[in-house]
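I have placed the structure first, in the form of structure tokens, so that the comments after it can refer back to it.
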Amino acid sequence: MKLLAFFAATILLLFSCDTGMIIDDSTANPLANDSLSSQDGNTNVNNNTAVNSRSVLISDCDTGAPLSNATITVEKSGETVARITTDESGIATFSENQSFSDGDYNFIVERNGYVQTTDKITIQDGDIVEGNRISIPKTSSENCIKIVMDWGATPSDLDSHLAADSFHVYFNSKSQDNGNLTLDHDDTTSYGPETITIKNVNSALTYNYYVHNYSAGSNTTSTALSASKARVRLYINNEYKQTWTVPVGQSGVYWEVFKITGGSSVDSVNEVKTSQPSSSDSFTLTAVPTSNK
């Protein structure tokens with residue numbers, strides 16, 4: 001099954017994009033914490049009630065584990081306006097005295113052994129509007145592509161899909177192309193992360209990444225995906241590249257996010273759709289099961 005993490009008002013939690021777990025520098029075993037649970041081999045930490053609109057949760061994208069000692073630097077117009085550090089639960093919280101004007105801010109997440117990530121976060125009336133759960137990948141000794149999705153409390157089950165030629169990686173087929181395409185972390189209980197890795201990138205293939213609202217069942221005109229506050233981050237060769245936010249006010253259970261061609265060229269799509277991307281989109285898909293989880 002999948003792991004979860006959540007963001008609330010003023011706390012910042014760090015998660016690893018490879019595991020989805022909160023990361024701690026201490027020698028203590030995180031699995032000894034009563035808040036941890038294991039589902040289908042993936043460990044998840046349920047710290048969501050501790051996160052609010054003035055905090056951020058940082059986690060490991062491959063395990064869902066919270067990450068302690070992660071630094072979040074907040075910048076606006078090139079100037080640093082705040083700097084906070086995550087605690088043992090992966091949460092960083094702004095002080096009551098910290099004030100913010102309305103607008104977009106860059107949240108720069110840094111943690112030893114992980115890829116530096118810069119995400120644009122909107123603050124309104126002093127509160128984080130969305131995006132205060134950030135799952136990040138470990139630095140890798142080999143070149144690879146990481147695709148990481150976080151979202152809100154609903155729907156409970158959003159699924160990441162990656163299709164390339166005859167390959168299709170998702171919850172029912174977690175490894176393809178001799179292990180070069182893998183679903184590393186699958187979450188079925190809200191928040192994410194969902195993480196896909198591409199190794200030994202084939203420049204001759206078109207890689208198409210999209211999200212399916214599994215929770216919607218047969219209701220293809222549901223608006224829940226559009227209201228999910230889902231965010232997808234792309235990393236190429238240990239470098240953060242871009243974040244996509246799901247378009248709001250749209251009907252559909254599929255969110256086609258982007259395509260990668262030529263090994264590294266990224267073509268943004270960012271469209272919510274009522275039907276599954278078809279073979280006309282440069283790849284062949286098997287039908288997505290809706291009742292075997």
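Ordering of the structure tokens sets the chain letters (A, B, ...), residue numbers begin anew at 1 in every chain, and ligands are numbered from 1 in the order given.
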(request) Excluding Glu142 (chain A) and residues on its chain fewer than 2 positions from it, collect all residues at most 9 Å away from it, counting only C-alpha atoms, and give them as a list in words. (result) Thr139, Ser140, Cys144, Lys199, Asn237 and Asn238 of chain A
For the selection you just gave me, I'd like the residues written to a file as a PDB file, in the first residue's frame, keeping N, CA and C atoms.
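Okay, this is what ended up in again-v4.pdb:
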```
ATOM      1  N   THR A 139      20.939  12.147  -2.620  1.00  0.00           N
ATOM      2  CA  THR A 139      21.872  12.267  -3.732  1.00  0.00           C
ATOM      3  C   THR A 139      22.282  10.855  -4.145  1.00  0.00           C
ATOM      4  N   SER A 140      22.475  10.681  -5.457  1.00  0.00           N
ATOM      5  CA  SER A 140      22.766   9.350  -5.995  1.00  0.00           C
ATOM      6  C   SER A 140      24.135   9.339  -6.662  1.00  0.00           C
ATOM      7  N   CYS A 144      20.276   9.506 -12.721  1.00  0.00           N
ATOM      8  CA  CYS A 144      18.919   8.988 -12.787  1.00  0.00           C
ATOM      9  C   CYS A 144      17.934  10.149 -12.745  1.00  0.00           C
ATOM     10  N   LYS A 199      16.328   4.938 -14.438  1.00  0.00           N
ATOM     11  CA  LYS A 199      17.767   4.749 -14.549  1.00  0.00           C
ATOM     12  C   LYS A 199      18.123   4.415 -16.004  1.00  0.00           C
ATOM     13  N   ASN A 237      19.514  13.832 -12.509  1.00  0.00           N
ATOM     14  CA  ASN A 237      20.941  13.722 -12.180  1.00  0.00           C
ATOM     15  C   ASN A 237      21.324  14.596 -10.973  1.00  0.00           C
ATOM     16  N   ASN A 238      20.616  14.371  -9.866  1.00  0.00           N
ATOM     17  CA  ASN A 238      20.899  15.061  -8.593  1.00  0.00           C
ATOM     18  C   ASN A 238      20.660  16.566  -8.661  1.00  0.00           C
TER      19      ASN A 238
END
```
(request) From the DSSP assignment of the backbone, select every residue of region 154-253 of chain A that is strand (DSSP E), and format the answer as a PyMOL selection string. (result) chain A and resi 158-164+167-169+175-176+181-185+194-199+207-213+231-236+240-245
(message) Between A:Val56, A:Ala204, A:Val115, A:Ala227, which residue has the minimum interatomic distance to Ile84 (chain A), considering only C-alpha atoms?
(response)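 Looking at the shortest contact to Ile84 (chain A), the residue is A:Val56.
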(message) Between CA of Val257 (chain A) and CA of Ser218 (chain A), what is the distance in Å, rounded to a tenth?
(response)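 About the pair CA of Val257 (chain A) and CA of Ser218 (chain A): they are 21.2 Å apart.
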(message) I'd like to know which of A:Ile123, A:Leu205, A:Ile108, A:Leu181 is closest to Ile260 (chain A), using only C-alpha atoms.
(response)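 The answer is A:Leu205, which sits nearest to Ile260 (chain A).
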Compile the contact shell of Val129 (chain A) as an mmCIF file with N, CA, C and O atoms, in the first residue's frame: residues with an atom at most 12 Å away, counting only C-alpha atoms, same-chain residues fewer than 2 positions apart removed.
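Saved result, part-v1.cif, follows:
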```
data_model
loop_
_atom_site.group_PDB
_atom_site.id
_atom_site.type_symbol
_atom_site.label_atom_id
_atom_site.label_comp_id
_atom_site.auth_asym_id
_atom_site.auth_seq_id
_atom_site.Cartn_x
_atom_site.Cartn_y
_atom_site.Cartn_z
ATOM 1 N N PHE A 7 0.528 18.174 5.410
ATOM 2 C CA PHE A 7 0.962 19.486 5.818
ATOM 3 C C PHE A 7 -0.229 20.224 6.376
ATOM 4 O O PHE A 7 -1.312 20.137 5.879
ATOM 5 N N ALA A 8 0.000 20.963 7.475
ATOM 6 C CA ALA A 8 -1.054 21.781 8.028
ATOM 7 C C ALA A 8 -0.552 23.181 8.130
ATOM 8 O O ALA A 8 0.268 23.582 7.360
ATOM 9 N N ALA A 9 -0.981 23.899 9.162
ATOM 10 C CA ALA A 9 -0.838 25.340 9.143
ATOM 11 C C ALA A 9 0.555 25.882 9.177
ATOM 12 O O ALA A 9 0.925 26.551 8.282
ATOM 13 N N THR A 10 1.358 25.733 10.227
ATOM 14 C CA THR A 10 2.614 26.474 10.299
ATOM 15 C C THR A 10 3.844 25.636 10.543
ATOM 16 O O THR A 10 4.832 26.100 11.023
ATOM 17 N N ASN A 52 0.721 22.290 10.372
ATOM 18 C CA ASN A 52 -0.328 23.281 10.181
ATOM 19 C C ASN A 52 0.095 24.306 9.143
ATOM 20 O O ASN A 52 1.109 24.131 8.466
ATOM 21 N N SER A 53 -0.661 25.375 8.996
ATOM 22 C CA SER A 53 -0.425 26.342 7.928
ATOM 23 C C SER A 53 0.778 27.242 8.175
ATOM 24 O O SER A 53 1.093 28.090 7.348
ATOM 25 N N ARG A 54 1.455 27.060 9.310
ATOM 26 C CA ARG A 54 2.698 27.790 9.547
ATOM 27 C C ARG A 54 3.864 26.835 9.809
ATOM 28 O O ARG A 54 4.808 27.143 10.526
ATOM 29 N N SER A 55 3.787 25.668 9.209
ATOM 30 C CA SER A 55 4.850 24.681 9.361
ATOM 31 C C SER A 55 5.047 23.919 8.066
ATOM 32 O O SER A 55 4.206 23.946 7.169
ATOM 33 N N VAL A 56 6.177 23.205 7.997
ATOM 34 C CA VAL A 56 6.498 22.413 6.812
ATOM 35 C C VAL A 56 7.028 21.055 7.260
ATOM 36 O O VAL A 56 7.765 20.952 8.235
ATOM 37 N N ASP A 102 1.619 38.919 1.735
ATOM 38 C CA ASP A 102 1.022 37.985 0.787
ATOM 39 C C ASP A 102 1.884 37.878 -0.462
ATOM 40 O O ASP A 102 2.477 38.866 -0.924
ATOM 41 N N GLY A 103 1.981 36.675 -1.004
ATOM 42 C CA GLY A 103 2.717 36.501 -2.250
ATOM 43 C C GLY A 103 3.419 35.155 -2.317
ATOM 44 O O GLY A 103 3.209 34.276 -1.487
ATOM 45 N N ASP A 104 4.245 35.000 -3.361
ATOM 46 C CA ASP A 104 4.976 33.764 -3.586
ATOM 47 C C ASP A 104 6.379 33.851 -2.987
ATOM 48 O O ASP A 104 7.057 34.877 -3.117
ATOM 49 N N TYR A 105 6.804 32.763 -2.355
ATOM 50 C CA TYR A 105 8.117 32.687 -1.728
ATOM 51 C C TYR A 105 8.840 31.443 -2.229
ATOM 52 O O TYR A 105 8.204 30.419 -2.522
ATOM 53 N N LYS A 120 8.314 26.878 -5.013
ATOM 54 C CA LYS A 120 7.579 28.132 -4.854
ATOM 55 C C LYS A 120 6.315 27.874 -4.033
ATOM 56 O O LYS A 120 5.476 27.037 -4.387
ATOM 57 N N ILE A 121 6.187 28.581 -2.921
ATOM 58 C CA ILE A 121 5.069 28.403 -1.997
ATOM 59 C C ILE A 121 4.339 29.742 -1.847
ATOM 60 O O ILE A 121 4.971 30.778 -1.672
ATOM 61 N N THR A 122 3.022 29.700 -1.905
ATOM 62 C CA THR A 122 2.214 30.908 -1.738
ATOM 63 C C THR A 122 1.805 31.073 -0.286
ATOM 64 O O THR A 122 1.342 30.123 0.358
ATOM 65 N N ILE A 123 2.000 32.287 0.245
ATOM 66 C CA ILE A 123 1.576 32.618 1.604
ATOM 67 C C ILE A 123 0.523 33.715 1.539
ATOM 68 O O ILE A 123 0.686 34.716 0.836
ATOM 69 N N GLN A 124 -0.563 33.501 2.248
ATOM 70 C CA GLN A 124 -1.666 34.467 2.271
ATOM 71 C C GLN A 124 -2.155 34.623 3.709
ATOM 72 O O GLN A 124 -2.370 33.643 4.410
ATOM 73 N N ASP A 125 -2.302 35.862 4.141
ATOM 74 C CA ASP A 125 -2.731 36.156 5.512
ATOM 75 C C ASP A 125 -1.834 35.451 6.539
ATOM 76 O O ASP A 125 -2.295 35.002 7.599
ATOM 77 N N GLY A 126 -0.558 35.341 6.203
ATOM 78 C CA GLY A 126 0.412 34.753 7.117
ATOM 79 C C GLY A 126 0.490 33.241 7.105
ATOM 80 O O GLY A 126 1.311 32.654 7.803
ATOM 81 N N ASP A 127 -0.361 32.578 6.309
ATOM 82 C CA ASP A 127 -0.418 31.122 6.286
ATOM 83 C C ASP A 127 0.019 30.566 4.937
ATOM 84 O O ASP A 127 -0.188 31.185 3.888
ATOM 85 N N GLY A 131 1.381 23.189 -0.181
ATOM 86 C CA GLY A 131 2.747 22.825 -0.492
ATOM 87 C C GLY A 131 3.654 22.713 0.706
ATOM 88 O O GLY A 131 4.880 22.737 0.554
ATOM 89 N N ASN A 132 3.091 22.559 1.925
ATOM 90 C CA ASN A 132 3.973 22.479 3.082
ATOM 91 C C ASN A 132 4.320 21.043 3.470
ATOM 92 O O ASN A 132 4.682 20.757 4.599
ATOM 93 N N ARG A 133 4.229 20.160 2.507
ATOM 94 C CA ARG A 133 4.838 18.834 2.614
ATOM 95 C C ARG A 133 5.774 18.689 1.432
ATOM 96 O O ARG A 133 5.355 18.760 0.276
ATOM 97 N N GLY A 152 -2.630 16.491 -0.704
ATOM 98 C CA GLY A 152 -3.316 16.786 0.543
ATOM 99 C C GLY A 152 -4.055 15.594 1.125
ATOM 100 O O GLY A 152 -3.775 14.434 0.815
ATOM 101 N N LYS A 229 -4.558 19.478 -4.280
ATOM 102 C CA LYS A 229 -3.330 20.210 -3.959
ATOM 103 C C LYS A 229 -2.080 19.390 -4.291
ATOM 104 O O LYS A 229 -1.018 19.561 -3.694
#
```
(request) Please identify all polymer residues within 9 Å of region 161-163 of chain A, counting only C-alpha atoms, omitting same-chain residues fewer than 4 positions from it, and present them as a ChimeraX atom specification. (result) /A:167-171,181-183,196,206-212,283-285
(message) So that I can check the surroundings of Pro247 (chain A), please list as number ranges by chain every protein, DNA and RNA residue that reaches within 8 Å of it, counting only C-alpha atoms and ignoring chain neighbours fewer than 3 positions away.
(response) A: 226, 250, 270-272
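In this model, the gap between CA of Asn172 (chain A) and CA of Val269 (chain A) comes to 24.5 Å.
Considering only C-alpha atoms, the residue among A:Ala82, A:Asp177, A:Gln242, A:Ser222 positioned nearest to Asn97 (chain A) is A:Ala82.
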(message) Please report the interatomic distance between CA of Tyr254 (chain A) and CA of Asp157 (chain A) in Å with one decimal.
(response)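 Value for the CA of Tyr254 (chain A)-CA of Asp157 (chain A) distance: 12.6 Å.
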(request) May I ask which of the residues A:Ser156, A:Lys174, A:Leu57, A:Asn106 is the closest one to Gly78 (chain A), counting only C-alpha atoms? (result)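 The shortest atom-to-atom distance to Gly78 (chain A) comes from A:Asn106.
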(request) Just the helix (DSSP H, G or I) stuff from region 27-232 of chain A, please, per backbone DSSP, written as number ranges by chain. (result) A: 30-32, 48-50, 177-179, 214-216
Generate a file of the selected residues that holds C-alpha atoms, formatted as an mmCIF file, in the first residue's frame.
```cif
data_model
loop_
_atom_site.group_PDB
_atom_site.id
_atom_site.type_symbol
_atom_site.label_atom_id
_atom_site.label_comp_id
_atom_site.auth_asym_id
_atom_site.auth_seq_id
_atom_site.Cartn_x
_atom_site.Cartn_y
_atom_site.Cartn_z
ATOM 1 C CA PRO A 30 12.565 5.124 13.561
ATOM 2 C CA LEU A 31 10.447 2.003 13.412
ATOM 3 C CA ALA A 32 10.305 2.013 17.193
ATOM 4 C CA ASN A 48 0.008 14.950 9.768
ATOM 5 C CA THR A 49 -1.895 16.214 12.781
ATOM 6 C CA ALA A 50 1.254 18.089 13.861
ATOM 7 C CA ASP A 177 12.684 -2.397 -18.423
ATOM 8 C CA ASN A 178 14.978 -4.687 -16.398
ATOM 9 C CA GLY A 179 14.643 -2.483 -13.318
ATOM 10 C CA TYR A 214 -7.736 5.769 -8.030
ATOM 11 C CA SER A 215 -10.118 6.822 -5.265
ATOM 12 C CA ALA A 216 -12.633 8.149 -7.796
#
```
